[in-house]
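Let me begin by presenting the structure, written as structure tokens, before commenting on it.
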Amino acid sequence: MMQSNTVGARIEAIGLYFPDASLDNKKLAEELGDWAPEKILEKTGIRERRIAAEGQTALDLAEHACRNLLDKPGVSAEEIDFIILCTQAPDYILPTSACILQHALGLRTSIGAFDINLGCSGFVYGLSIASGLIASGSAQQVLLVTSDTYSKFINKKDRSVRTLFGDGASASLIVSSPNLQSTIGPFVFGTDGAGAKHLIVPAGGARNANSEETRIEQVDGSGNVRSQDNLFMDGAAIMAFTLAEVPKAFSAVLLKAGLVIDDIDYVVFHQANAFMLSALRKKMKIPEEKMPCRFENVGNTVSSTIPIVIEELMASGKFQPGQKIALVGFGVGLSWSACIISL
Amino acid sequence: MSEFYEGLAEIMEVDVSELSTDYEFGEAWDSLAVVSTIALIDEVYDKAVDIQLLQDCKTVGDIENLISKTDG
């Protein structure tokens with residue numbers, strides 16, 4: 001049976017935030033040259049991405065998402081007793097962004113706060129920590145925030161990533177469930193640091209500090225331009241990794257939960273792009289109606305993609321009590337995780 | 001033609017009748033084509049081919065050889 005690590009937590013509400021500026025395919029086609037807007041849409045499934053303004057950081061987006069959550073009925077800032085912020089674009093090397101967020105939101109000082117540095121798998125990892133804090137009695141109401149601004153790492157002349165990624169943030173309130181039924185979990189996790197080089201910003205950390213040298217732009221075999229200060233993605237390696245690990249993680253979490261695929265109402269994958277999701281859907285034989293997608297107008301928002309889909313399912317009434325959703329996050333690390341949630 | 005040729009024609013944006021083992025990809029064999037072909041091979045043959053070797057393929061025949069040499 002389920003152990004205490006999955007008992008007693010549920011997702012109460014989700015707030016989202018996207019920056020104002022839009023980068024649509026017409027604008028991209030003008031800048032990148034060789035791809036028509038229709039081709040970008042056909043290949044990626046994305047019409048527009050939202051891009052953080054200059055000087056607007058992931059922490060700013062996170063604060064907006066949190067305020068949108070706090071505006072919802074039944075959500076009270078006073079009750080929040082833990083913040084988990086998942087971001088790969090912190091304001092500072094130190095201090096921790098989650099601590100700054102506590103003050104910006106005017107939350108109590110008698111609460112815990114920390115960051116987790118994960119990308120596309122981060123929301124599911126965050127859920128596991130939040131439900132663990134609640135199950136252990138350490139917290140009652142956890143604010144789980146995801147926010148990233150990959151656009152700031154992306155070279156404007158690198159279509160391999162510029163066409164895909166958008167900026168955005170989510171804020172989820174995870175609360176202890178009064179009837180103690182487990183509605184978050186079980187979880188399975190995966191990590192393969194051998195693939196760290198496949199999705200990376202090579203310079204800017206302690207290993208390889210920014211310098212004149214890391215700023216030098218180079219053109220790759222496909223005509224994309226980037227420096228070591230920019231985001232690099234080996235799309236082929238990420239596709240191979242995804243096709244190998246995601247189906248296994250999905251089967252493992254179903255097994256752990258004692259469920260079969262027919263018991264699952266929706267499968268929410270990290271919203272990478274249309275061709276990756278379509279490859280997964282075909283390989284895993286998931287009916288289209290069971291696989292809600294929401295990236296067409298925001299792009300791949302890294303750790304926020306999964307809560308963005310859940311928010312829409314909740315808002316539209318498509319996610320009802322008793323229904324089960326399987327979540328699978330996967331990407332940079334390489335890191336992956338899957339879990340089952342219900343309301 | 002086979003499911004593989006149909007898929008490859010879609011990726012290369014040519015008519016399937018144009019594809020044969022000798023068909024050369026040329027410049028069109030870019031990173032997106034490689035990514036899409038990884039997914040196609042996985043779907044049709046349930047095989048994970050070596051990415052570097054796939055990138056080095058010049059013709060349809062090269063890919064077919066690579067698939068047949070790869071364990072399922």
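Within each chain, counting starts at residue 1; across the structure tokens, chains are named A, B, ... in the order shown, with ligands numbered 1 upward in that order.
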Inset, instruction - Write out as a PyMOL selection string the residues lying within 10 Å of Ser36 of chain B, counting only C-alpha atoms and excluding same-chain residues fewer than 4 positions away. - result: (chain A and resi 43+235-236+239+275-276+279) or (chain B and resi 7-8+10-12+31-32+40-42)
Inset, instruction - Once DSSP has gone over the backbone, tell me which residues of segment 56-257 of chain A are in helix (DSSP H, G or I), as a PyMOL selection string. - result: chain A and resi 58-70+77-79+97-104+122-135+150-152+159-162+193-198+235-257
Inset, instruction - From a DSSP pass on the backbone, collect the residues of segment 5-133 of chain A flagged as strand (DSSP E) and hand them back as an NGL selection string. - result: :A and (9-17 or 21-24 or 48-51 or 82-86 or 112-116)
Inset, instruction - With a distance threshold of 10 Å and counting only C-alpha atoms, extract the residues of chain A near chain B and express them as a PyMOL selection string. - result: chain A and resi 43+160+221-223+234-244+275-276+278-280+282-284
Inset, instruction - Between atom CA of Ala171 of chain A and atom CA of Asp24 of chain A, measure the distance and give it in Å to one decimal. - result: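 For atom CA of Ala171 of chain A relative to atom CA of Asp24 of chain A, the distance reads 25.3 Å.
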Inset, instruction - Find the residues around Thr146 of chain A up to 12 Å (only C-alpha atoms counted), leave out those fewer than 4 positions away in its own chain, and share them as a PyMOL selection string. - result: chain A and resi 14-18+58-66+83-90+97-98+115-127+167-173+301-308
For the residues in the current selection, export C-alpha atoms as a PDB file, in the first residue's frame.
```pdb
ATOM      1  CA  ILE A  14      -2.555  27.168  -9.804  1.00  0.00           C
ATOM      2  CA  GLY A  15      -1.696  30.698 -10.947  1.00  0.00           C
ATOM      3  CA  LEU A  16       0.236  31.462 -14.118  1.00  0.00           C
ATOM      4  CA  TYR A  17       2.099  34.398 -15.567  1.00  0.00           C
ATOM      5  CA  PHE A  18       3.512  35.138 -19.000  1.00  0.00           C
ATOM      6  CA  ALA A  58      12.556  34.800 -13.603  1.00  0.00           C
ATOM      7  CA  LEU A  59      12.008  36.032 -10.057  1.00  0.00           C
ATOM      8  CA  ASP A  60       9.816  38.868 -11.403  1.00  0.00           C
ATOM      9  CA  LEU A  61       7.757  36.374 -13.419  1.00  0.00           C
ATOM     10  CA  ALA A  62       7.539  34.132 -10.343  1.00  0.00           C
ATOM     11  CA  GLU A  63       6.203  36.999  -8.234  1.00  0.00           C
ATOM     12  CA  HIS A  64       3.500  37.785 -10.812  1.00  0.00           C
ATOM     13  CA  ALA A  65       2.441  34.115 -10.966  1.00  0.00           C
ATOM     14  CA  CYS A  66       2.266  34.014  -7.149  1.00  0.00           C
ATOM     15  CA  ILE A  83       8.179  28.161  -0.651  1.00  0.00           C
ATOM     16  CA  ILE A  84       9.868  25.942  -3.213  1.00  0.00           C
ATOM     17  CA  LEU A  85      11.083  27.867  -6.259  1.00  0.00           C
ATOM     18  CA  CYS A  86      12.267  25.899  -9.277  1.00  0.00           C
ATOM     19  CA  THR A  87      14.393  28.030 -11.597  1.00  0.00           C
ATOM     20  CA  GLN A  88      17.596  27.884 -13.608  1.00  0.00           C
ATOM     21  CA  ALA A  89      17.840  31.665 -13.892  1.00  0.00           C
ATOM     22  CA  PRO A  90      18.269  32.889 -10.289  1.00  0.00           C
ATOM     23  CA  SER A  97      15.737  33.509  -5.036  1.00  0.00           C
ATOM     24  CA  ALA A  98      13.037  31.817  -2.914  1.00  0.00           C
ATOM     25  CA  ASP A 115      15.303  26.918  -4.689  1.00  0.00           C
ATOM     26  CA  ILE A 116      15.652  23.787  -6.732  1.00  0.00           C
ATOM     27  CA  ASN A 117      17.724  23.979  -9.894  1.00  0.00           C
ATOM     28  CA  LEU A 118      15.967  21.726 -12.385  1.00  0.00           C
ATOM     29  CA  GLY A 119      14.431  22.332 -15.791  1.00  0.00           C
ATOM     30  CA  CYS A 120      11.716  20.384 -17.544  1.00  0.00           C
ATOM     31  CA  SER A 121      11.505  17.735 -14.802  1.00  0.00           C
ATOM     32  CA  GLY A 122      11.354  20.354 -12.025  1.00  0.00           C
ATOM     33  CA  PHE A 123       7.614  20.612 -11.405  1.00  0.00           C
ATOM     34  CA  VAL A 124       7.250  16.892 -10.713  1.00  0.00           C
ATOM     35  CA  TYR A 125      10.306  16.941  -8.421  1.00  0.00           C
ATOM     36  CA  GLY A 126       8.840  19.983  -6.665  1.00  0.00           C
ATOM     37  CA  LEU A 127       5.529  18.170  -6.160  1.00  0.00           C
ATOM     38  CA  ASP A 167       9.428  32.434 -20.827  1.00  0.00           C
ATOM     39  CA  GLY A 168       6.781  31.924 -18.172  1.00  0.00           C
ATOM     40  CA  ALA A 169       6.018  31.071 -14.562  1.00  0.00           C
ATOM     41  CA  SER A 170       3.564  29.045 -12.512  1.00  0.00           C
ATOM     42  CA  ALA A 171       2.630  29.091  -8.834  1.00  0.00           C
ATOM     43  CA  SER A 172       0.831  26.108  -7.332  1.00  0.00           C
ATOM     44  CA  LEU A 173      -0.584  25.870  -3.843  1.00  0.00           C
ATOM     45  CA  THR A 301       8.376  27.132 -20.878  1.00  0.00           C
ATOM     46  CA  VAL A 302      10.665  24.520 -19.268  1.00  0.00           C
ATOM     47  CA  SER A 303       9.530  23.687 -15.682  1.00  0.00           C
ATOM     48  CA  SER A 304       6.215  25.543 -16.128  1.00  0.00           C
ATOM     49  CA  THR A 305       4.821  23.478 -19.012  1.00  0.00           C
ATOM     50  CA  ILE A 306       3.155  20.789 -16.875  1.00  0.00           C
ATOM     51  CA  PRO A 307       1.362  23.146 -14.412  1.00  0.00           C
ATOM     52  CA  ILE A 308       0.249  25.242 -17.418  1.00  0.00           C
TER      53      ILE A 308
END
```
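Atom CA of Phe295 of chain A lies 9.6 Å from atom CA of Thr44 of chain A.
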